[in-house]
Amino acid sequence: MGKTAVVYARYSSDKQREASIDDQLRVCRSWCEAEGIEIVREYKDYALSGKTDQRPEFRQMVANAPESDYVVVYMFDRFSRDRYDSATYKKMLRECGVRVVSATEKVEDTPEGGLQEGLLEILSEYYVRDLARKVRRGMEGNALKARNNGYKVFGYDTDPETRKYVVNEGEAACVREMFARHIRGESVNSIARVMAERGWTTSTGKPVDYNWAYRILNRRAYTGLYSWGGIEVEDGMPQIVDE
């Protein structure tokens with residue numbers, strides 16, 4: 001009986017797209033065809049990071065072992081970007097007689113190959129951690145300049161060129177009215193109910209509620225304070241209400 005394989009493909013949401021799954025599958029299929037290996041199943045996780053094992057298709061693949069002789073991935077980092085998870089699950093699969101192989105990274109089934117594979121896993125994890133550090137540094141730089149770091153704040157839009165917040169006059173009028181009502185003694189619940197009746201919704205499209213109104217009435221951004229990740233910039237936001 002010939003050798004069999006399952007193919008595992010994954011992409012994370014950071015600057016990747018669903019089409020990358022198709023690219024991975026194409027390369028893995030070509031590799032299996034060249035090696036004379038029959039593919040018995042394909043597993044695909046969409047927009048899920050390899051830094052965690054909380055991936056439904058991945059866990060199902062491991063649970064189904066040994067349904068094949070190999071697990072074929074485009075690169076080892078598609079299997080996992082955490083070297084401890086990688087070692088743990090590869091050991092589980094080996095105990096079921098299943099070997100994880102990469103269609104693009106030639107690693108022999110020898111002690112030297114094991115060392116090479118381990119180095120690839122370490123480099124993959126380093127890449128993720130280094131990228132997170134660079135992203136954080138970039139976001140801190142944005143914050144120091146009071147730029148939008150990807151967060152929608154009710155009452156504001158974002159200037160596409162400067163990435164700074166600008167007032168959305170329609171939403172700002174709602175904010176001003178909410179503060180005025182609260183100053184006159186109206187309860188948060190009552191204010192939320194009025195705004196819901198007028199058709200205002202949360203960022204997810206649901207009718208506004210007490211929690212939404214409470215956050216707005218306690219958000220200092222409306223007085224001009226920009227805040228992100230412990231960084232505060234006075235007058236970093238266009239003022240909608242005064243102190």
# chains A, B, ... in the order shown; residues from 1 in each chain; ligands from 1
$ residues_around --residues "Gln24 of chain A" --least-positions-apart "2" --cutoff "10 Å" --atoms "only C-alpha atoms" --output "NGL selection string"
:A and (7-11 or 19-22 or 26-29 or 73-75 or 78 or 103-104)
$ select_by_dssp --residues "segment 39-170 of chain A" --states "alpha helix (DSSP H)" --output "PyMOL selection string"
chain A and resi 56-64+76-79+83-95+111-144+169-170
$ residues_around --residues "Cys174 of chain A" --least-positions-apart "5" --cutoff "12 Å" --atoms "only C-alpha atoms" --output "PyMOL selection string"
chain A and resi 154-156+167-169+179-181+191-192+194-196+198-201+213+216-217+222+240-241
$ closest_residue --among "A:Arg137, A:Arg94, A:Lys3, A:Lys152" --to "Thr202 of chain A" --atoms "only C-alpha atoms"
A:Lys152
$ residues_around --residues "Phe76 of chain A" --least-positions-apart "6" --cutoff "8 Å" --atoms "only C-alpha atoms" --output "MDAnalysis selection string"
chainID A and resid 101:102 105 120:121
$ select_by_dssp --residues "segment 19-119 of chain A" --states "strand (DSSP E)" --output "list in words"
Glu38, Ile39, Val40, Arg41, Glu42, Tyr43, Lys44, Asp45, Tyr70, Val71, Val72, Val73, Arg99, Val100, Val101 and Ser102 of chain A
$ write_last_selection --atoms "N, CA and C atoms" --output "mmCIF file, in the first residue's frame"
data_model
loop_
_atom_site.group_PDB
_atom_site.id
_atom_site.type_symbol
_atom_site.label_atom_id
_atom_site.label_comp_id
_atom_site.auth_asym_id
_atom_site.auth_seq_id
_atom_site.Cartn_x
_atom_site.Cartn_y
_atom_site.Cartn_z
ATOM 1 N N GLU A 38 -0.442 9.800 -1.691
ATOM 2 C CA GLU A 38 -1.865 10.063 -1.875
ATOM 3 C C GLU A 38 -2.394 10.959 -0.751
ATOM 4 N N ILE A 39 -3.101 12.019 -1.107
ATOM 5 C CA ILE A 39 -3.719 12.916 -0.122
ATOM 6 C C ILE A 39 -5.101 12.365 0.235
ATOM 7 N N VAL A 40 -5.320 12.137 1.524
ATOM 8 C CA VAL A 40 -6.599 11.578 1.966
ATOM 9 C C VAL A 40 -7.524 12.632 2.572
ATOM 10 N N ARG A 41 -6.957 13.780 2.965
ATOM 11 C CA ARG A 41 -7.800 14.829 3.536
ATOM 12 C C ARG A 41 -7.012 16.127 3.608
ATOM 13 N N GLU A 42 -7.744 17.238 3.579
ATOM 14 C CA GLU A 42 -7.121 18.557 3.719
ATOM 15 C C GLU A 42 -7.789 19.313 4.860
ATOM 16 N N TYR A 43 -6.962 19.937 5.699
ATOM 17 C CA TYR A 43 -7.447 20.719 6.836
ATOM 18 C C TYR A 43 -7.056 22.177 6.619
ATOM 19 N N LYS A 44 -7.976 23.101 6.914
ATOM 20 C CA LYS A 44 -7.725 24.522 6.657
ATOM 21 C C LYS A 44 -8.239 25.368 7.805
ATOM 22 N N ASP A 45 -7.370 26.197 8.371
ATOM 23 C CA ASP A 45 -7.770 27.163 9.398
ATOM 24 C C ASP A 45 -7.615 28.559 8.825
ATOM 25 N N TYR A 70 1.750 10.985 6.734
ATOM 26 C CA TYR A 70 2.380 12.302 6.815
ATOM 27 C C TYR A 70 1.340 13.391 7.042
ATOM 28 N N VAL A 71 1.786 14.458 7.680
ATOM 29 C CA VAL A 71 1.081 15.738 7.655
ATOM 30 C C VAL A 71 1.965 16.658 6.823
ATOM 31 N N VAL A 72 1.439 17.143 5.716
ATOM 32 C CA VAL A 72 2.227 17.987 4.819
ATOM 33 C C VAL A 72 1.787 19.437 4.983
ATOM 34 N N VAL A 73 2.758 20.315 5.207
ATOM 35 C CA VAL A 73 2.500 21.750 5.324
ATOM 36 C C VAL A 73 3.363 22.498 4.318
ATOM 37 N N ARG A 99 4.508 11.607 10.456
ATOM 38 C CA ARG A 99 5.609 12.572 10.405
ATOM 39 C C ARG A 99 5.142 13.860 9.743
ATOM 40 N N VAL A 100 5.520 14.998 10.320
ATOM 41 C CA VAL A 100 5.204 16.300 9.743
ATOM 42 C C VAL A 100 6.327 16.685 8.783
ATOM 43 N N VAL A 101 5.957 17.009 7.547
ATOM 44 C CA VAL A 101 6.960 17.395 6.550
ATOM 45 C C VAL A 101 6.545 18.707 5.894
ATOM 46 N N SER A 102 7.550 19.438 5.429
ATOM 47 C CA SER A 102 7.316 20.710 4.740
ATOM 48 C C SER A 102 7.537 20.516 3.245
#
$ atom_distance --atom1 "atom CA of Glu197 of chain A" --atom2 "atom CA of Tyr210 of chain A"
13.0 Å
$ atom_distance --atom1 "atom CA of Arg219 of chain A" --atom2 "atom CA of Pro238 of chain A"
13.2 Å
$ residues_around --residues "Arg220 of chain A" --least-positions-apart "2" --cutoff "10 Å" --atoms "only C-alpha atoms" --output "VMD selection string"
chain A and resid 215 to 218 222 to 227 237 239 241 to 243
$ write_last_selection --atoms "N, CA and C atoms" --output "PDB file, in the first residue's frame"
ATOM      1  N   ARG A 215     -19.749  54.716  28.883  1.00  0.00           N
ATOM      2  CA  ARG A 215     -18.390  54.908  28.367  1.00  0.00           C
ATOM      3  C   ARG A 215     -18.229  56.287  27.748  1.00  0.00           C
ATOM      4  N   ILE A 216     -19.230  56.736  27.007  1.00  0.00           N
ATOM      5  CA  ILE A 216     -19.144  58.060  26.381  1.00  0.00           C
ATOM      6  C   ILE A 216     -19.075  59.157  27.440  1.00  0.00           C
ATOM      7  N   LEU A 217     -19.906  59.045  28.451  1.00  0.00           N
ATOM      8  CA  LEU A 217     -19.959  60.097  29.475  1.00  0.00           C
ATOM      9  C   LEU A 217     -18.740  60.091  30.392  1.00  0.00           C
ATOM     10  N   ASN A 218     -17.904  59.066  30.272  1.00  0.00           N
ATOM     11  CA  ASN A 218     -16.684  59.012  31.078  1.00  0.00           C
ATOM     12  C   ASN A 218     -15.411  59.020  30.221  1.00  0.00           C
ATOM     13  N   TYR A 222     -13.241  63.442  24.705  1.00  0.00           N
ATOM     14  CA  TYR A 222     -14.119  64.521  24.246  1.00  0.00           C
ATOM     15  C   TYR A 222     -13.680  65.882  24.765  1.00  0.00           C
ATOM     16  N   THR A 223     -12.867  65.896  25.817  1.00  0.00           N
ATOM     17  CA  THR A 223     -12.335  67.172  26.324  1.00  0.00           C
ATOM     18  C   THR A 223     -10.988  67.493  25.693  1.00  0.00           C
ATOM     19  N   GLY A 224     -10.504  66.601  24.791  1.00  0.00           N
ATOM     20  CA  GLY A 224      -9.252  66.885  24.083  1.00  0.00           C
ATOM     21  C   GLY A 224      -8.083  66.001  24.455  1.00  0.00           C
ATOM     22  N   LEU A 225      -8.276  65.044  25.382  1.00  0.00           N
ATOM     23  CA  LEU A 225      -7.163  64.199  25.826  1.00  0.00           C
ATOM     24  C   LEU A 225      -7.069  62.940  24.971  1.00  0.00           C
ATOM     25  N   TYR A 226      -5.943  62.783  24.282  1.00  0.00           N
ATOM     26  CA  TYR A 226      -5.667  61.552  23.538  1.00  0.00           C
ATOM     27  C   TYR A 226      -5.014  60.567  24.490  1.00  0.00           C
ATOM     28  N   SER A 227      -5.456  59.312  24.452  1.00  0.00           N
ATOM     29  CA  SER A 227      -4.892  58.296  25.347  1.00  0.00           C
ATOM     30  C   SER A 227      -4.818  56.957  24.632  1.00  0.00           C
ATOM     31  N   MET A 237      -6.788  65.362  20.841  1.00  0.00           N
ATOM     32  CA  MET A 237      -8.088  65.124  20.200  1.00  0.00           C
ATOM     33  C   MET A 237      -8.806  66.448  19.991  1.00  0.00           C
ATOM     34  N   GLN A 239     -11.524  68.940  20.534  1.00  0.00           N
ATOM     35  CA  GLN A 239     -12.431  69.005  21.678  1.00  0.00           C
ATOM     36  C   GLN A 239     -13.895  69.067  21.225  1.00  0.00           C
ATOM     37  N   VAL A 241     -16.497  68.614  23.941  1.00  0.00           N
ATOM     38  CA  VAL A 241     -17.099  69.276  25.106  1.00  0.00           C
ATOM     39  C   VAL A 241     -15.963  69.836  25.960  1.00  0.00           C
ATOM     40  N   ASP A 242     -16.266  70.876  26.745  1.00  0.00           N
ATOM     41  CA  ASP A 242     -15.214  71.428  27.595  1.00  0.00           C
ATOM     42  C   ASP A 242     -15.206  70.752  28.967  1.00  0.00           C
ATOM     43  N   GLU A 243     -14.192  71.044  29.737  1.00  0.00           N
ATOM     44  CA  GLU A 243     -14.041  70.420  31.042  1.00  0.00           C
ATOM     45  C   GLU A 243     -15.261  70.673  31.925  1.00  0.00           C
TER      46      GLU A 243
END
